[in-house]
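What follows is a single structure, written as structure tokens, with notes after it.
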Amino acid sequence: MANDRGPDIELVRTMVRIRRVEEVLADCYRDEQRMRTPVHFSIGQEATSVGMCAAADPDDVVYAGHRSHAPYLAKGGDLPALVAELHGKEAGCSRGRGGSVHLVDAAAGFAGSAAILGEMISVATGAAWAFLLTGRSAVAVTFFGDGATEEGVFAESLNLAAVHRLPVVFVCENNGYSVASPLRRRQPAGTGIAARAAAHGVHALEVDGNDVFAVRAVGTAAVARARAGQGPVFIESHTYRWREHVGPGRGDDQGYRTKAEIDSWIEKCPIRRAVDALRPAEPRIDDWVRAWETEYTAEIHEAVGRARAAPWPDVASLTHGAYSPATRHESVKGGTCAR
Amino acid sequence: MRTLKYWEAISEATVQCMTDDPRIVIMGEGVDDHKGAFGTTKEAYAVFGPQRVIDVPNSENACAGVAVGAAANGLRPIVVHTRADFMFLAMDALVNLTAKWRYMFGDHGGVPVVTRGVVGRGWGQGATHSQSPHATFAHYPGLHVAAPASPADAKGLLVQALRSGDPTILIENRSLYPVEGEVHTGPVPVPFGVGRVVRPGSDVTVVAVSLMVHEAELAARHLAGEGISVEVVDVRSLRPLDDAIICESVARTGRLVVADTSWARYGFAAEVAAVVAENLPGALREPVRRVTPPDCPSPVSWPLEEAWNPGADSIARACLDLLGHDGVGSPGSADVAVGFDAPY
């Protein structure tokens with residue numbers, strides 16, 4: 001459905017699409033066992049990706065961590081290529097080699113995601129440095145979780161970005177948990193991630209990560225500031241994941257968080273909140289959401305069906321891509337029986 | 001002796017050693033959670049609590065250095081990485097500090113840190129969650145490196161590491177966790193640098209470590225049905241390496257296949273080949289064969305991942321090739337992970 005109802009409605013539409021895609025993917029993942037790649041769903045956290053990517057220009061680039069589907073789709077990443085990647089097919093965005101945690105869609109400005117915590121914080125900083133040195137006006141945006149801020153690369157990258165006033169926006173999706181470890185056991189009470197970012201000389205702020213309009217507002221100002229050469233910006237977006245760390249389950253049976261806690265965050269559903277906020281001015285919005293849910297349910301089922309039917313990569317091409325074609329034959333042993 | 005699963009043997013060694021030695025503590029991301037590092041730290045947490053089984057922030061580099069400082073001051077830390085690939089975030093502390101501490105400070109004392117790294121395999125773990133870094137760490141003098149294949153060795157080598165005055169890297173392939181085998185009831189160490197002949201044979205020697213020992217056994221059983229006698233040697237530890245058991249076997253068979261879950265060049269397979277070349281230059285009747293993954297990162301796509309992982313098939317083919325046989329059917333692959341309830 002085209003974007004003809006204004007930017008606020010568009011945010012809701014995009015969140016509904018990502019929600020439906022991930023819910024259907026989670027069901028298929030569990031029931032069909034055909035997506036043989038660890039998956040980390042963003043269900044409940046969509047507003048951060050959607051609000052931030054709406055704030056970015058098409059030419060800006062986005063990097064993400066392991067919880068990558070939502071930022072990929074929010075930046076305009078190709079849905080069939082995502083679904084094919086999860087199925088390990090040649091039509092996947094990383095040709096079936098990378099899986100859920102290694103998504104890329106260069107044309108859409110989604111420049112890559114990574115499975116090792118914090119890696120893309122430095123890579124986005126490097127992208128911003130390249131923009132600065134080559135005179136490109138783009139901004140690099142990178143998503144990561146609260147856990148990644150405990151890695152050394154977080155401090156090192158923010159310091160470097162601040163001292164060189166690089167056009168990068170660091171977006172921390174603070175969902176309160178690293179796998180099953182709560183934030184309070186990993187970072188000292190009385191401190192905050194945004195405060196630590198500020199101590200590095202990075203302009204830092206916090207936002208209600210389940211308020212898509214607030215995220216977009218903060219993100220728009222951040223991107224403008226970075227683009228204007230005023231240095232990097234850090235945004236701590238407070239949110240919550242409804243599912244388990246990895247996999248399709250709800251994770252309310254694993255003992256590290258209570259059902260009441262999960263339910264309290266489901267009450268703060270970013271889609272419901274946005275719809276409630278827009279309803280007075282747009283009384284038809286509930287009808288639209290229902291129509292979108294139907295439309296996107298069909299879209300994702302079609303993508304899954306196509307991905308299932310798509311061809312596997314050719315095993316003869318197994319080593320292709322480890323090096324550029326010019327050096328491939330010199331550097332690579334082809335088989336499992338090396339001489 | 002009674003039968004335990006591999007993960008149970010690690011858990012038992014941990015609890016017994018922690019009971020005997022109050023200096024032992026466990027540090028790792030999520031070691032106290034509901035999964036308990038594949039079950040290996042659950043009982044320790046239940047028995048010793050959060051004072052000695054410590055969930056740490058996502059700070060691998062710092063934690064490796066913290067373990068050095070703790071070990072230099074009287075503790076015996078076990079650092080657990082539920083994906084060995086995250087050990088690369090700690091390379092500086094592991095390589096520049098842990099391995100070198102004793103030597104570069106004039107042998108005034110060591111830092112007996114035990115670092116456990118778990119290798120993910122299967123279910124599209126992919127490029128950065130499937131790597132087997134045992135040979136990487138075995139390159140550095142000052143570290144002990146072991147990669148047990150059996151529950152008995154998983155327990156015994158951990159006990160040895162926890163009694164050693166030197167730092168140890170233990171690499172565990174998660175596909176091995178459900179494997180069952182006989183295990184000593186008490187904390188009986190398995191010495192480093194002592195391999196074992198898993199299966200005697202006379203036609204060809206297969207030297208392997210960790211998961212590939214099981215693949216080699218499967219290949220050997222299959223080839224026995226074809227009248228071919230394969231000797232399987234499990235080196236158990238990579239540094240120190242039991243040169244003698246390798247050479248004694250190859251001196252008899254005259255043929256060597258080395259199987260590993262990591263790449264051939266500069267790896268475990270290369271080292272074993274070098275040991276034979278240096279010590280037995282005239283013993284080989286055929287060239288050495290290395291059965292390893294091809295030279296690319298681990299792919300996610302199912303058929304590519306199946307092709308990437310070396311297994312019993314490729315070991316059997318290498319043996320047959322050395323013996324001048326054509327293919328005699330497929331032994332399949334030892335899917336020891338069947339029944340493993342956590343694909344991710």
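So you can find residues: chains in the structure tokens are A, B, ... in the order shown, residues in each start at 1, and ligands are numbered from 1 in order.
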
Report the closest atom pair, with its distance in Å rounded to one decimal, for each residue of chain B that has an atom no farther than 7 Å from chain A; count only C-alpha atoms, sort by chain and then rising residue number, and write it as JSON lines.
{"residue": "B:Gly30", "atom": "CA", "partner": "A:Ser181", "partner_atom": "CA", "distance": 6.3}
{"residue": "B:Asp33", "atom": "CA", "partner": "A:Ala180", "partner_atom": "CA", "distance": 6.2}
{"residue": "B:His34", "atom": "CA", "partner": "A:Gln254", "partner_atom": "CA", "distance": 6.1}
{"residue": "B:Val56", "atom": "CA", "partner": "A:Arg186", "partner_atom": "CA", "distance": 6.5}
{"residue": "B:Pro57", "atom": "CA", "partner": "A:Arg186", "partner_atom": "CA", "distance": 4.8}
{"residue": "B:Asn58", "atom": "CA", "partner": "A:Glu150", "partner_atom": "CA", "distance": 5.3}
{"residue": "B:Ser59", "atom": "CA", "partner": "A:Glu151", "partner_atom": "CA", "distance": 4.8}
{"residue": "B:Trp123", "atom": "CA", "partner": "A:Arg36", "partner_atom": "CA", "distance": 4.8}
{"residue": "B:Gly124", "atom": "CA", "partner": "A:Thr37", "partner_atom": "CA", "distance": 4.4}
{"residue": "B:Gln125", "atom": "CA", "partner": "A:Thr37", "partner_atom": "CA", "distance": 6.2}
{"residue": "B:Gly126", "atom": "CA", "partner": "A:Gly98", "partner_atom": "CA", "distance": 6.4}
{"residue": "B:Ala127", "atom": "CA", "partner": "A:Gly98", "partner_atom": "CA", "distance": 6.9}
{"residue": "B:Thr128", "atom": "CA", "partner": "A:Ala115", "partner_atom": "CA", "distance": 6.9}
{"residue": "B:Arg289", "atom": "CA", "partner": "A:Arg339", "partner_atom": "CA", "distance": 5.5}
{"residue": "B:Arg290", "atom": "CA", "partner": "A:Ala338", "partner_atom": "CA", "distance": 5.3}
{"residue": "B:Val291", "atom": "CA", "partner": "A:Cys337", "partner_atom": "CA", "distance": 4.7}
{"residue": "B:Thr292", "atom": "CA", "partner": "A:Thr336", "partner_atom": "CA", "distance": 5.1}
{"residue": "B:Pro293", "atom": "CA", "partner": "A:Thr336", "partner_atom": "CA", "distance": 5.2}
{"residue": "B:Pro294", "atom": "CA", "partner": "A:Gly335", "partner_atom": "CA", "distance": 5.3}
{"residue": "B:Asp295", "atom": "CA", "partner": "A:Val332", "partner_atom": "CA", "distance": 5.2}
{"residue": "B:Cys296", "atom": "CA", "partner": "A:Thr319", "partner_atom": "CA", "distance": 5.2}
{"residue": "B:Pro299", "atom": "CA", "partner": "A:Arg97", "partner_atom": "CA", "distance": 4.5}
{"residue": "B:Val300", "atom": "CA", "partner": "A:Arg97", "partner_atom": "CA", "distance": 5.0}
{"residue": "B:Ser301", "atom": "CA", "partner": "A:Gly88", "partner_atom": "CA", "distance": 3.9}
{"residue": "B:Trp302", "atom": "CA", "partner": "A:Gly88", "partner_atom": "CA", "distance": 6.4}
{"residue": "B:Pro303", "atom": "CA", "partner": "A:Val315", "partner_atom": "CA", "distance": 6.8}
{"residue": "B:Leu304", "atom": "CA", "partner": "A:Val315", "partner_atom": "CA", "distance": 5.7}
{"residue": "B:Pro310", "atom": "CA", "partner": "A:Thr336", "partner_atom": "CA", "distance": 5.9}
{"residue": "B:Ser314", "atom": "CA", "partner": "A:Thr336", "partner_atom": "CA", "distance": 6.5}
{"residue": "B:Ala318", "atom": "CA", "partner": "A:Cys337", "partner_atom": "CA", "distance": 6.6}
{"residue": "B:Tyr344", "atom": "CA", "partner": "A:Pro38", "partner_atom": "CA", "distance": 5.4}

Pull the closest atom pair for each residue of segment 132-157 of chain B that gets at most 12 Å from segment 65-88 of chain B, along with the distance in Å to one decimal, counting only C-alpha atoms, ordering rows by chain and then ascending residue number, as a tab-separated table.
residue	atom	partner	partner_atom	distance
B:Ser132	CA	B:Ala84	CA	7.3
B:Pro133	CA	B:Ala84	CA	7.2
B:His134	CA	B:Ala84	CA	9.4
B:Thr136	CA	B:Phe88	CA	10.0
B:Phe137	CA	B:Met87	CA	10.0

Skipping near chain neighbours, those fewer than 3 positions away, what residues fall within 10 Å of Pro22 of chain B using only C-alpha atoms, listed as a PDB file with C-alpha atoms, in the first residue's frame?
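For reference, selection_10.pdb as written:
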ATOM      1  CA  CYS B  17      37.376 -29.550  41.834  1.00  0.00           C
ATOM      2  CA  MET B  18      35.552 -26.522  43.250  1.00  0.00           C
ATOM      3  CA  THR B  19      34.706 -28.561  46.336  1.00  0.00           C
ATOM      4  CA  VAL B  25      35.769 -19.559  40.490  1.00  0.00           C
ATOM      5  CA  PHE B  48      28.370 -22.616  45.092  1.00  0.00           C
ATOM      6  CA  ARG B  52      31.884 -18.421  42.810  1.00  0.00           C
ATOM      7  CA  LEU B  75      42.426 -17.512  42.501  1.00  0.00           C
ATOM      8  CA  ARG B  76      41.974 -20.192  39.864  1.00  0.00           C
TER       9      ARG B  76
END

Exercise for the section: Would you mind listing what lies within 10 Å of Val188 of chain B as a ChimeraX atom specification, with only C-alpha atoms counted and same-chain residues fewer than 5 positions away left out? Expected result: /B:13,152-153,155-160,183

Go ahead and write the residues just picked, C-alpha atoms, as a PDB file, in the first residue's frame.
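Output file part27.pdb follows:
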ATOM      1  CA  ALA B  13      34.749 -32.254  37.212  1.00  0.00           C
ATOM      2  CA  ALA B 152      36.215 -39.351  30.310  1.00  0.00           C
ATOM      3  CA  ASP B 153      38.715 -36.970  28.755  1.00  0.00           C
ATOM      4  CA  LYS B 155      36.472 -34.631  32.849  1.00  0.00           C
ATOM      5  CA  GLY B 156      40.081 -35.724  33.158  1.00  0.00           C
ATOM      6  CA  LEU B 157      41.575 -32.901  31.106  1.00  0.00           C
ATOM      7  CA  LEU B 158      39.562 -30.299  33.010  1.00  0.00           C
ATOM      8  CA  VAL B 159      40.780 -31.775  36.302  1.00  0.00           C
ATOM      9  CA  GLN B 160      44.331 -31.656  34.959  1.00  0.00           C
ATOM     10  CA  VAL B 183      33.815 -41.702  33.407  1.00  0.00           C
TER      11      VAL B 183
END

Practice task
Enter the distance from atom CA of Arg255 of chain B to atom CA of Ala307 of chain B, in Å, rounded to one decimal.
Solution key: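 Distance reported for this atom pair: 25.0 Å.
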